[in-house]
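structure39.cif follows; it contains mmCIF, C-alpha atoms.
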data_data
loop_
_atom_site.group_PDB
_atom_site.id
_atom_site.type_symbol
_atom_site.label_atom_id
_atom_site.label_comp_id
_atom_site.auth_asym_id
_atom_site.auth_seq_id
_atom_site.Cartn_x
_atom_site.Cartn_y
_atom_site.Cartn_z
ATOM 1 C CA MET A 12 -13.245 -40.862 88.248
ATOM 2 C CA SER A 13 -12.154 -40.357 84.668
ATOM 3 C CA ASP A 14 -10.581 -43.179 82.678
ATOM 4 C CA ARG A 15 -8.141 -40.694 81.117
ATOM 5 C CA LYS A 16 -4.616 -42.091 81.117
ATOM 6 C CA HIS A 17 -2.621 -38.858 81.309
ATOM 7 C CA LEU A 18 -2.494 -35.617 83.213
ATOM 8 C CA VAL A 19 -2.753 -32.220 81.575
ATOM 9 C CA SER A 20 -0.094 -29.603 82.359
ATOM 10 C CA ALA A 21 -2.353 -27.708 84.789
ATOM 11 C CA GLU A 22 -2.877 -30.933 86.780
ATOM 12 C CA VAL A 23 0.878 -31.555 86.887
ATOM 13 C CA ASP A 24 1.301 -28.004 88.198
ATOM 14 C CA LYS A 25 -1.267 -28.732 90.939
ATOM 15 C CA LEU A 26 0.559 -31.945 91.919
ATOM 16 C CA ILE A 27 3.859 -30.093 92.132
ATOM 17 C CA ALA A 28 2.270 -27.255 94.126
ATOM 18 C CA ALA A 29 0.880 -29.839 96.575
ATOM 19 C CA VAL A 30 4.393 -30.621 97.849
ATOM 20 C CA LYS A 31 4.764 -27.144 99.377
ATOM 21 C CA GLY A 32 5.362 -27.366 103.102
ATOM 22 C CA THR A 33 5.632 -31.158 103.179
ATOM 23 C CA ARG A 34 8.385 -33.108 104.891
ATOM 24 C CA TYR A 35 10.053 -34.124 101.607
ATOM 25 C CA GLU A 36 9.264 -30.975 99.658
ATOM 26 C CA ALA A 37 12.650 -30.585 97.907
ATOM 27 C CA ARG A 38 12.885 -34.228 96.842
ATOM 28 C CA ASP A 39 9.282 -34.591 95.779
ATOM 29 C CA ARG A 40 9.196 -31.322 93.817
ATOM 30 C CA CYS A 41 12.374 -32.340 91.984
ATOM 31 C CA LEU A 42 11.084 -35.864 91.332
ATOM 32 C CA LEU A 43 7.712 -34.740 89.972
ATOM 33 C CA LEU A 44 9.248 -32.000 87.836
ATOM 34 C CA LEU A 45 11.905 -34.270 86.296
ATOM 35 C CA MET A 46 9.446 -37.118 85.700
ATOM 36 C CA PHE A 47 7.123 -34.737 83.860
ATOM 37 C CA ARG A 48 9.637 -32.633 81.928
ATOM 38 C CA HIS A 49 11.763 -35.578 80.820
ATOM 39 C CA GLY A 50 9.061 -38.197 80.464
ATOM 40 C CA LEU A 51 10.718 -40.487 82.999
ATOM 41 C CA ARG A 52 9.199 -43.823 83.865
ATOM 42 C CA VAL A 53 9.018 -44.362 87.621
ATOM 43 C CA SER A 54 11.831 -46.952 87.421
ATOM 44 C CA GLU A 55 13.988 -44.569 85.386
ATOM 45 C CA ALA A 56 13.509 -41.870 88.021
ATOM 46 C CA CYS A 57 14.212 -44.256 90.905
ATOM 47 C CA ARG A 58 17.346 -45.584 89.160
ATOM 48 C CA LEU A 59 18.666 -42.109 88.325
ATOM 49 C CA GLN A 60 22.275 -41.746 89.496
ATOM 50 C CA LEU A 61 24.102 -38.615 90.604
ATOM 51 C CA SER A 62 26.410 -38.958 87.576
ATOM 52 C CA GLN A 63 23.414 -38.583 85.221
ATOM 53 C CA VAL A 64 22.540 -35.109 86.532
ATOM 54 C CA ASP A 65 25.089 -32.554 85.340
ATOM 55 C CA VAL A 66 24.199 -29.217 86.900
ATOM 56 C CA GLU A 67 27.303 -27.494 85.531
ATOM 57 C CA SER A 68 26.581 -28.458 81.915
ATOM 58 C CA ARG A 69 22.832 -28.126 82.507
ATOM 59 C CA VAL A 70 21.994 -31.576 81.134
ATOM 60 C CA LEU A 71 20.266 -34.753 82.256
ATOM 61 C CA HIS A 72 21.535 -38.040 80.870
ATOM 62 C CA VAL A 73 18.406 -40.170 80.579
ATOM 63 C CA ALA A 74 18.983 -43.938 80.663
ATOM 64 C CA ARG A 75 15.811 -45.421 79.195
ATOM 65 C CA LEU A 76 14.421 -48.802 80.136
ATOM 66 C CA LYS A 77 12.401 -51.200 77.942
ATOM 67 C CA GLN A 78 15.136 -51.027 75.275
ATOM 68 C CA GLY A 79 14.384 -47.349 74.808
ATOM 69 C CA LEU A 80 16.889 -44.977 73.254
ATOM 70 C CA SER A 81 18.888 -43.208 75.940
ATOM 71 C CA THR A 82 19.253 -39.471 75.384
ATOM 72 C CA THR A 83 20.690 -36.295 76.870
ATOM 73 C CA HIS A 84 18.184 -33.558 77.681
ATOM 74 C CA PRO A 85 18.832 -29.906 78.517
ATOM 75 C CA LEU A 86 17.835 -28.761 82.000
ATOM 76 C CA ARG A 87 15.813 -25.564 82.326
ATOM 77 C CA GLY A 88 16.190 -22.950 85.037
ATOM 78 C CA ASP A 89 13.332 -24.106 87.259
ATOM 79 C CA GLU A 90 14.594 -27.692 87.012
ATOM 80 C CA LEU A 91 18.111 -26.608 88.013
ATOM 81 C CA GLY A 92 16.648 -24.748 90.997
ATOM 82 C CA ALA A 93 14.708 -27.841 92.091
ATOM 83 C CA ILE A 94 17.782 -30.043 91.575
ATOM 84 C CA LYS A 95 20.030 -27.746 93.595
ATOM 85 C CA ALA A 96 17.491 -27.555 96.441
ATOM 86 C CA TRP A 97 17.205 -31.358 96.489
ATOM 87 C CA LEU A 98 20.977 -31.906 96.278
ATOM 88 C CA ALA A 99 21.474 -29.586 99.286
ATOM 89 C CA GLU A 100 18.900 -31.581 101.271
ATOM 90 C CA ARG A 101 20.315 -34.907 100.021
ATOM 91 C CA SER A 102 23.818 -33.836 101.066
ATOM 92 C CA ARG A 103 22.611 -33.218 104.640
ATOM 93 C CA MET A 104 21.230 -36.774 104.684
ATOM 94 C CA ASN A 105 24.688 -38.143 103.782
ATOM 95 C CA PRO A 106 23.415 -41.292 102.017
ATOM 96 C CA ASP A 107 25.819 -44.110 101.175
ATOM 97 C CA THR A 108 24.526 -44.510 97.613
ATOM 98 C CA GLU A 109 24.979 -42.876 94.213
ATOM 99 C CA ALA A 110 21.201 -42.890 93.693
ATOM 100 C CA PHE A 111 19.967 -39.380 92.919
ATOM 101 C CA PHE A 112 16.654 -39.807 94.747
ATOM 102 C CA VAL A 113 16.825 -41.345 98.210
ATOM 103 C CA SER A 114 14.303 -42.197 100.876
ATOM 104 C CA GLU A 115 14.194 -41.146 104.501
ATOM 105 C CA ARG A 116 16.276 -44.259 105.227
ATOM 106 C CA ARG A 117 18.963 -42.882 102.884
ATOM 107 C CA SER A 118 18.562 -45.726 100.405
ATOM 108 C CA PRO A 119 17.476 -45.442 96.754
ATOM 109 C CA LEU A 120 13.871 -44.317 96.436
ATOM 110 C CA SER A 121 11.582 -47.244 95.633
ATOM 111 C CA ARG A 122 8.901 -47.410 92.961
ATOM 112 C CA LYS A 123 6.340 -48.033 95.690
ATOM 113 C CA THR A 124 7.318 -44.862 97.554
ATOM 114 C CA ALA A 125 7.048 -42.830 94.345
ATOM 115 C CA TRP A 126 3.602 -44.330 93.636
ATOM 116 C CA LEU A 127 2.361 -43.597 97.152
ATOM 117 C CA MET A 128 3.761 -40.067 97.037
ATOM 118 C CA ILE A 129 1.918 -39.265 93.806
ATOM 119 C CA ARG A 130 -1.320 -40.775 95.167
ATOM 120 C CA THR A 131 -0.979 -38.704 98.338
ATOM 121 C CA TYR A 132 -0.506 -35.442 96.422
ATOM 122 C CA ASP A 133 -3.356 -36.388 94.081
ATOM 123 C CA GLU A 134 -5.664 -36.849 97.085
ATOM 124 C CA ARG A 135 -4.459 -33.549 98.541
ATOM 125 C CA VAL A 136 -5.436 -31.546 95.432
ATOM 126 C CA GLY A 137 -8.380 -33.703 94.313
ATOM 127 C CA LEU A 138 -7.514 -34.291 90.664
ATOM 128 C CA PRO A 139 -10.356 -35.638 88.489
ATOM 129 C CA VAL A 140 -8.267 -38.767 87.738
ATOM 130 C CA ASP A 141 -6.494 -41.307 89.918
ATOM 131 C CA ALA A 142 -2.945 -40.137 89.286
ATOM 132 C CA HIS A 143 -0.061 -42.575 89.030
ATOM 133 C CA PRO A 144 3.576 -42.108 87.940
ATOM 134 C CA HIS A 145 3.186 -43.134 84.285
ATOM 135 C CA MET A 146 0.653 -40.337 83.835
ATOM 136 C CA LEU A 147 3.542 -37.876 84.188
ATOM 137 C CA ARG A 148 5.377 -39.536 81.274
ATOM 138 C CA ARG A 149 2.241 -39.381 79.146
ATOM 139 C CA ALA A 150 1.669 -35.771 80.216
ATOM 140 C CA CYS A 151 5.140 -34.995 78.877
ATOM 141 C CA GLY A 152 4.277 -36.457 75.455
ATOM 142 C CA PHE A 153 1.010 -34.536 75.239
ATOM 143 C CA ALA A 154 2.643 -31.299 76.460
ATOM 144 C CA LEU A 155 5.327 -31.592 73.773
ATOM 145 C CA ALA A 156 2.643 -32.168 71.133
ATOM 146 C CA ASP A 157 0.711 -29.144 72.455
ATOM 147 C CA GLN A 158 3.858 -27.075 71.920
ATOM 148 C CA GLY A 159 3.947 -28.189 68.290
ATOM 149 C CA ALA A 160 6.759 -30.743 68.511
ATOM 150 C CA ASP A 161 6.571 -33.232 65.680
ATOM 151 C CA THR A 162 6.120 -36.954 66.217
ATOM 152 C CA ARG A 163 9.761 -37.840 65.484
ATOM 153 C CA LEU A 164 11.074 -35.305 67.999
ATOM 154 C CA ILE A 165 8.700 -36.603 70.680
ATOM 155 C CA GLN A 166 9.760 -40.161 69.795
ATOM 156 C CA ASP A 167 13.429 -39.276 70.317
ATOM 157 C CA TYR A 168 12.742 -37.296 73.489
ATOM 158 C CA LEU A 169 10.771 -40.125 75.110
ATOM 159 C CA GLY A 170 13.204 -42.768 73.848
ATOM 160 C CA HIS A 171 10.620 -44.773 71.908
ATOM 161 C CA ARG A 172 12.154 -47.217 69.435
ATOM 162 C CA ASN A 173 8.798 -47.736 67.713
ATOM 163 C CA ILE A 174 7.011 -44.604 66.494
ATOM 164 C CA GLN A 175 3.638 -46.337 67.038
ATOM 165 C CA HIS A 176 4.151 -45.701 70.756
ATOM 166 C CA THR A 177 4.517 -41.986 70.033
ATOM 167 C CA VAL A 178 1.678 -41.393 67.576
ATOM 168 C CA ARG A 179 -0.930 -41.228 70.379
ATOM 169 C CA TYR A 180 0.475 -37.881 71.483
ATOM 170 C CA THR A 181 0.166 -36.156 68.116
ATOM 171 C CA ALA A 182 -2.710 -38.009 66.409
ATOM 172 C CA THR A 183 -5.478 -36.307 68.376
ATOM 173 C CA ASN A 184 -3.709 -33.038 69.064
ATOM 174 C CA PRO A 185 -5.686 -29.986 67.900
ATOM 175 C CA ALA A 186 -2.521 -27.833 67.720
ATOM 176 C CA ARG A 187 -1.277 -30.143 64.977
ATOM 177 C CA VAL A 188 -4.125 -29.364 62.585
ATOM 178 C CA GLU A 189 -4.655 -25.786 63.719
ATOM 179 C CA ARG A 190 -1.549 -24.718 61.789
ATOM 180 C CA LEU A 191 -2.849 -26.115 58.455
ATOM 181 C CA TRP A 192 -4.962 -23.177 57.229
ATOM 182 C CA ARG A 193 -3.184 -20.137 58.574
ATOM 183 C CA GLY A 194 -3.503 -16.908 56.731
#

In structure tokens, what does this structure look like?
Amino acid sequence: MSDRKHLVSAEVDKLIAAVKGTRYEARDRCLLLLMFRHGLRVSEACRLQLSQVDVESRVLHVARLKQGLSTTHPLRGDELGAIKAWLAERSRMNPDTEAFFVSERRSPLSRKTAWLMIRTYDERVGLPVDAHPHMLRRACGFALADQGADTRLIQDYLGHRNIQHTVRYTATNPARVERLWRG
């Protein structure tokens, strides 16, 4: 197994595709997609509340942990579709909690369940790394850098207070230097 500490976008896509036809397809697809697209830590995802997900305004209010800067992120069409599918399923479960993600027992999803879920989907698709939840957060940083986002924007998006935690995403990114000698 590789000692790489992040997933690439194609691997994230494979993980998300692995949920198709599973018992918790709507929840798990939504969880994986939001963790990746918004760089959520597993605890941030598990602590997400219904009030933080505003489908009407198409925004996600991200409450960062580790003294990170909380931000509001726009929600894209595929994310809204996954959210709506999960909320319909969640509504049928009728949980007695404001937690956005809930378990089969209708209680807030635990970190352990999220870890096991990602491991299970990793095994299903046979990724070349041992996937764990934080790899989705790192994949977000690298994907943003691949799209040409500058270090400060990635810092704000991921809620890093210290830019040193963000530099890893842009320092080795070929897209960053590719733009230098255009013409």

So that I can see what lies close to stretch 15-29 of chain A, please list as a compact mmCIF listing (two decimals) with C-alpha atoms, keeping the file's coordinate frame the residues with an atom at most 7 Å from it, counting all atoms listed in the file and leaving out residues fewer than 5 positions away in the same chain.
# COMPACT_ATOMS: atom_id res chain seq x y z
CA ARG A 40 9.20 -31.32 93.82
CA LEU A 43 7.71 -34.74 89.97
CA TYR A 132 -0.51 -35.44 96.42
CA ASP A 133 -3.36 -36.39 94.08
CA ARG A 135 -4.46 -33.55 98.54
CA VAL A 136 -5.44 -31.55 95.43
CA LEU A 138 -7.51 -34.29 90.66
CA VAL A 140 -8.27 -38.77 87.74
CA MET A 146 0.65 -40.34 83.84
CA LEU A 147 3.54 -37.88 84.19
CA ARG A 149 2.24 -39.38 79.15
CA ALA A 150 1.67 -35.77 80.22
CA ALA A 154 2.64 -31.30 76.46

Nearby residues, (18.7, -43.3, 104.9) file frame, 9 Å, only C-alpha atoms, as an MDAnalysis selection string: chainID A and resid 104:107 113:119

May I have the residues from that selection written out with C-alpha atoms, as an mmCIF file, in the frame of the given file?
data_model
loop_
_atom_site.group_PDB
_atom_site.id
_atom_site.type_symbol
_atom_site.label_atom_id
_atom_site.label_comp_id
_atom_site.auth_asym_id
_atom_site.auth_seq_id
_atom_site.Cartn_x
_atom_site.Cartn_y
_atom_site.Cartn_z
ATOM 1 C CA MET A 104 21.230 -36.774 104.684
ATOM 2 C CA ASN A 105 24.688 -38.143 103.782
ATOM 3 C CA PRO A 106 23.415 -41.292 102.017
ATOM 4 C CA ASP A 107 25.819 -44.110 101.175
ATOM 5 C CA VAL A 113 16.825 -41.345 98.210
ATOM 6 C CA SER A 114 14.303 -42.197 100.876
ATOM 7 C CA GLU A 115 14.194 -41.146 104.501
ATOM 8 C CA ARG A 116 16.276 -44.259 105.227
ATOM 9 C CA ARG A 117 18.963 -42.882 102.884
ATOM 10 C CA SER A 118 18.562 -45.726 100.405
ATOM 11 C CA PRO A 119 17.476 -45.442 96.754
#

Please check which residues have atoms at most 7 Å from (18.9, -40.5, 79.3) in the file's coordinates, counting only C-alpha atoms, and write them as a ChimeraX atom specification. /A:71-75,81-83

Quick one: everything within 12 Å of A:Glu55, counting all atoms listed in the file, minus sequence neighbours fewer than 2 positions away in the same chain. Send it as number ranges by chain. A: 42, 45-46, 49-53, 57-60, 63, 72-77, 79, 81, 110-112, 119-122, 125, 144-145, 148, 169-170

Got a sec to resolve the PyMOL selection byres ((chain A and resi 70) around 6) on this structure and send the residues as a PDB file with C-alpha atoms, in the frame of the given file?
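Result file is out.pdb:
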ATOM      1  CA  ASP A  65      25.089 -32.554  85.340  1.00  0.00           C
ATOM      2  CA  SER A  68      26.581 -28.458  81.915  1.00  0.00           C
ATOM      3  CA  ARG A  69      22.832 -28.126  82.507  1.00  0.00           C
ATOM      4  CA  LEU A  71      20.266 -34.753  82.256  1.00  0.00           C
ATOM      5  CA  HIS A  84      18.184 -33.558  77.681  1.00  0.00           C
ATOM      6  CA  PRO A  85      18.832 -29.906  78.517  1.00  0.00           C
ATOM      7  CA  LEU A  86      17.835 -28.761  82.000  1.00  0.00           C
TER       8      LEU A  86
END

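Of the listed residues A:Arg38, A:Arg48, A:Lys31, A:His143, the one whose atoms come nearest to A:Ala96 is A:Arg38, with distances taken using all atoms listed in the file.
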
Atom CA of A:Leu127 to atom CA of A:Leu61, distance in Å rounded to a single decimal: 23.2 Å

Give the padded box for stretch 76-84 of chain A as JSON: axis-aligned, covering all atoms listed in the file, 8 Å on each side, centre and edge lengths in Å to one decimal.
{"center_x": 16.5, "center_y": -42.4, "center_z": 76.7, "size_x": 24.3, "size_y": 33.6, "size_z": 22.9}

Atom CA of A:Ser62 and atom CA of A:Glu90, how far apart in Å?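 Between these atoms lies a distance of 16.3 Å.
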
Determine the residue membership of the PyMOL selection byres ((chain A and resi 163) around 12) for the file above and supply it as a ChimeraX atom specification. /A:152,155-156,159-162,164-178,180-181

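Counting only C-alpha atoms and comparing A:Val30, A:Arg101, A:Phe47, A:Trp126, the residue that lies closest to A:Cys151 is A:Phe47.
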
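Note that atom CA of A:Thr33 and atom CA of A:Leu91 are 20.2 Å apart.
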
Show which residues sit within 9 Å of A:Ala93, as JSON, numbers by chain. Count all atoms listed in the file, and ignore same-chain residues fewer than 4 positions away. {"A": [37, 38, 40, 41, 42, 44, 88, 89, 97, 98]}

Could you check which of A:Thr124, A:Val64, A:Arg103, A:Asp14 is closest to A:Pro139, using only C-alpha atoms?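 Closest residue, counting only C-alpha atoms: A:Asp14.
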
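You can rank A:Leu80, A:Met128, A:Ala99, A:Ile94 by their closest distance to A:Val66 using all atoms listed in the file, and at the top of that list sits A:Ile94.
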
Keeping N, CA and C atoms (and nothing else), can you write stretch 134-157 of chain A of this structure as a PDB file, in the first residue's frame?
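Final file, selection06.pdb:
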ATOM      1  N   GLU A 134     -12.304  -0.938   0.406  1.00  0.00           N
ATOM      2  CA  GLU A 134     -12.085  -2.365   0.125  1.00  0.00           C
ATOM      3  C   GLU A 134     -12.906  -2.809  -1.091  1.00  0.00           C
ATOM      4  N   ARG A 135     -14.091  -2.275  -1.223  1.00  0.00           N
ATOM      5  CA  ARG A 135     -14.974  -2.637  -2.335  1.00  0.00           C
ATOM      6  C   ARG A 135     -14.368  -2.255  -3.684  1.00  0.00           C
ATOM      7  N   VAL A 136     -13.728  -1.074  -3.757  1.00  0.00           N
ATOM      8  CA  VAL A 136     -13.176  -0.614  -5.038  1.00  0.00           C
ATOM      9  C   VAL A 136     -11.679  -0.854  -5.164  1.00  0.00           C
ATOM     10  N   GLY A 137     -11.015  -1.249  -4.074  1.00  0.00           N
ATOM     11  CA  GLY A 137      -9.597  -1.584  -4.136  1.00  0.00           C
ATOM     12  C   GLY A 137      -8.682  -0.415  -4.458  1.00  0.00           C
ATOM     13  N   LEU A 138      -8.827   0.674  -3.717  1.00  0.00           N
ATOM     14  CA  LEU A 138      -7.941   1.826  -3.932  1.00  0.00           C
ATOM     15  C   LEU A 138      -6.502   1.444  -3.593  1.00  0.00           C
ATOM     16  N   PRO A 139      -5.524   2.123  -4.199  1.00  0.00           N
ATOM     17  CA  PRO A 139      -4.118   1.808  -3.933  1.00  0.00           C
ATOM     18  C   PRO A 139      -3.602   2.356  -2.601  1.00  0.00           C
ATOM     19  N   VAL A 140      -4.483   2.968  -1.812  1.00  0.00           N
ATOM     20  CA  VAL A 140      -4.132   3.482  -0.481  1.00  0.00           C
ATOM     21  C   VAL A 140      -5.173   2.982   0.509  1.00  0.00           C
ATOM     22  N   ASP A 141      -4.821   2.977   1.779  1.00  0.00           N
ATOM     23  CA  ASP A 141      -5.797   2.649   2.817  1.00  0.00           C
ATOM     24  C   ASP A 141      -6.542   3.938   3.154  1.00  0.00           C
ATOM     25  N   ALA A 142      -7.723   4.083   2.586  1.00  0.00           N
ATOM     26  CA  ALA A 142      -8.475   5.329   2.731  1.00  0.00           C
ATOM     27  C   ALA A 142      -9.012   5.502   4.148  1.00  0.00           C
ATOM     28  N   HIS A 143      -8.988   6.740   4.605  1.00  0.00           N
ATOM     29  CA  HIS A 143      -9.604   7.116   5.871  1.00  0.00           C
ATOM     30  C   HIS A 143     -10.221   8.499   5.694  1.00  0.00           C
ATOM     31  N   PRO A 144     -11.089   8.937   6.604  1.00  0.00           N
ATOM     32  CA  PRO A 144     -11.837  10.179   6.392  1.00  0.00           C
ATOM     33  C   PRO A 144     -10.986  11.426   6.127  1.00  0.00           C
ATOM     34  N   HIS A 145      -9.868  11.593   6.791  1.00  0.00           N
ATOM     35  CA  HIS A 145      -9.095  12.823   6.610  1.00  0.00           C
ATOM     36  C   HIS A 145      -8.520  12.934   5.198  1.00  0.00           C
ATOM     37  N   MET A 146      -8.430  11.799   4.507  1.00  0.00           N
ATOM     38  CA  MET A 146      -7.947  11.830   3.126  1.00  0.00           C
ATOM     39  C   MET A 146      -8.912  12.593   2.217  1.00  0.00           C
ATOM     40  N   LEU A 147     -10.185  12.634   2.578  1.00  0.00           N
ATOM     41  CA  LEU A 147     -11.155  13.399   1.793  1.00  0.00           C
ATOM     42  C   LEU A 147     -10.916  14.898   1.968  1.00  0.00           C
ATOM     43  N   ARG A 148     -10.576  15.324   3.178  1.00  0.00           N
ATOM     44  CA  ARG A 148     -10.261  16.737   3.427  1.00  0.00           C
ATOM     45  C   ARG A 148      -9.014  17.139   2.634  1.00  0.00           C
ATOM     46  N   ARG A 149      -7.998  16.293   2.691  1.00  0.00           N
ATOM     47  CA  ARG A 149      -6.775  16.589   1.938  1.00  0.00           C
ATOM     48  C   ARG A 149      -7.042  16.574   0.434  1.00  0.00           C
ATOM     49  N   ALA A 150      -7.883  15.648  -0.015  1.00  0.00           N
ATOM     50  CA  ALA A 150      -8.237  15.587  -1.433  1.00  0.00           C
ATOM     51  C   ALA A 150      -8.890  16.890  -1.865  1.00  0.00           C
ATOM     52  N   CYS A 151      -9.683  17.485  -0.997  1.00  0.00           N
ATOM     53  CA  CYS A 151     -10.313  18.767  -1.296  1.00  0.00           C
ATOM     54  C   CYS A 151      -9.244  19.825  -1.531  1.00  0.00           C
ATOM     55  N   GLY A 152      -8.269  19.925  -0.628  1.00  0.00           N
ATOM     56  CA  GLY A 152      -7.200  20.919  -0.779  1.00  0.00           C
ATOM     57  C   GLY A 152      -6.434  20.744  -2.076  1.00  0.00           C
ATOM     58  N   PHE A 153      -6.073  19.510  -2.403  1.00  0.00           N
ATOM     59  CA  PHE A 153      -5.334  19.255  -3.636  1.00  0.00           C
ATOM     60  C   PHE A 153      -6.205  19.522  -4.875  1.00  0.00           C
ATOM     61  N   ALA A 154      -7.493  19.170  -4.806  1.00  0.00           N
ATOM     62  CA  ALA A 154      -8.383  19.423  -5.941  1.00  0.00           C
ATOM     63  C   ALA A 154      -8.536  20.925  -6.187  1.00  0.00           C
ATOM     64  N   LEU A 155      -8.638  21.702  -5.124  1.00  0.00           N
ATOM     65  CA  LEU A 155      -8.728  23.159  -5.279  1.00  0.00           C
ATOM     66  C   LEU A 155      -7.450  23.713  -5.898  1.00  0.00           C
ATOM     67  N   ALA A 156      -6.307  23.209  -5.457  1.00  0.00           N
ATOM     68  CA  ALA A 156      -5.027  23.650  -6.030  1.00  0.00           C
ATOM     69  C   ALA A 156      -4.946  23.263  -7.508  1.00  0.00           C
ATOM     70  N   ASP A 157      -5.420  22.055  -7.839  1.00  0.00           N
ATOM     71  CA  ASP A 157      -5.418  21.605  -9.238  1.00  0.00           C
ATOM     72  C   ASP A 157      -6.268  22.510 -10.120  1.00  0.00           C
TER      73      ASP A 157
END
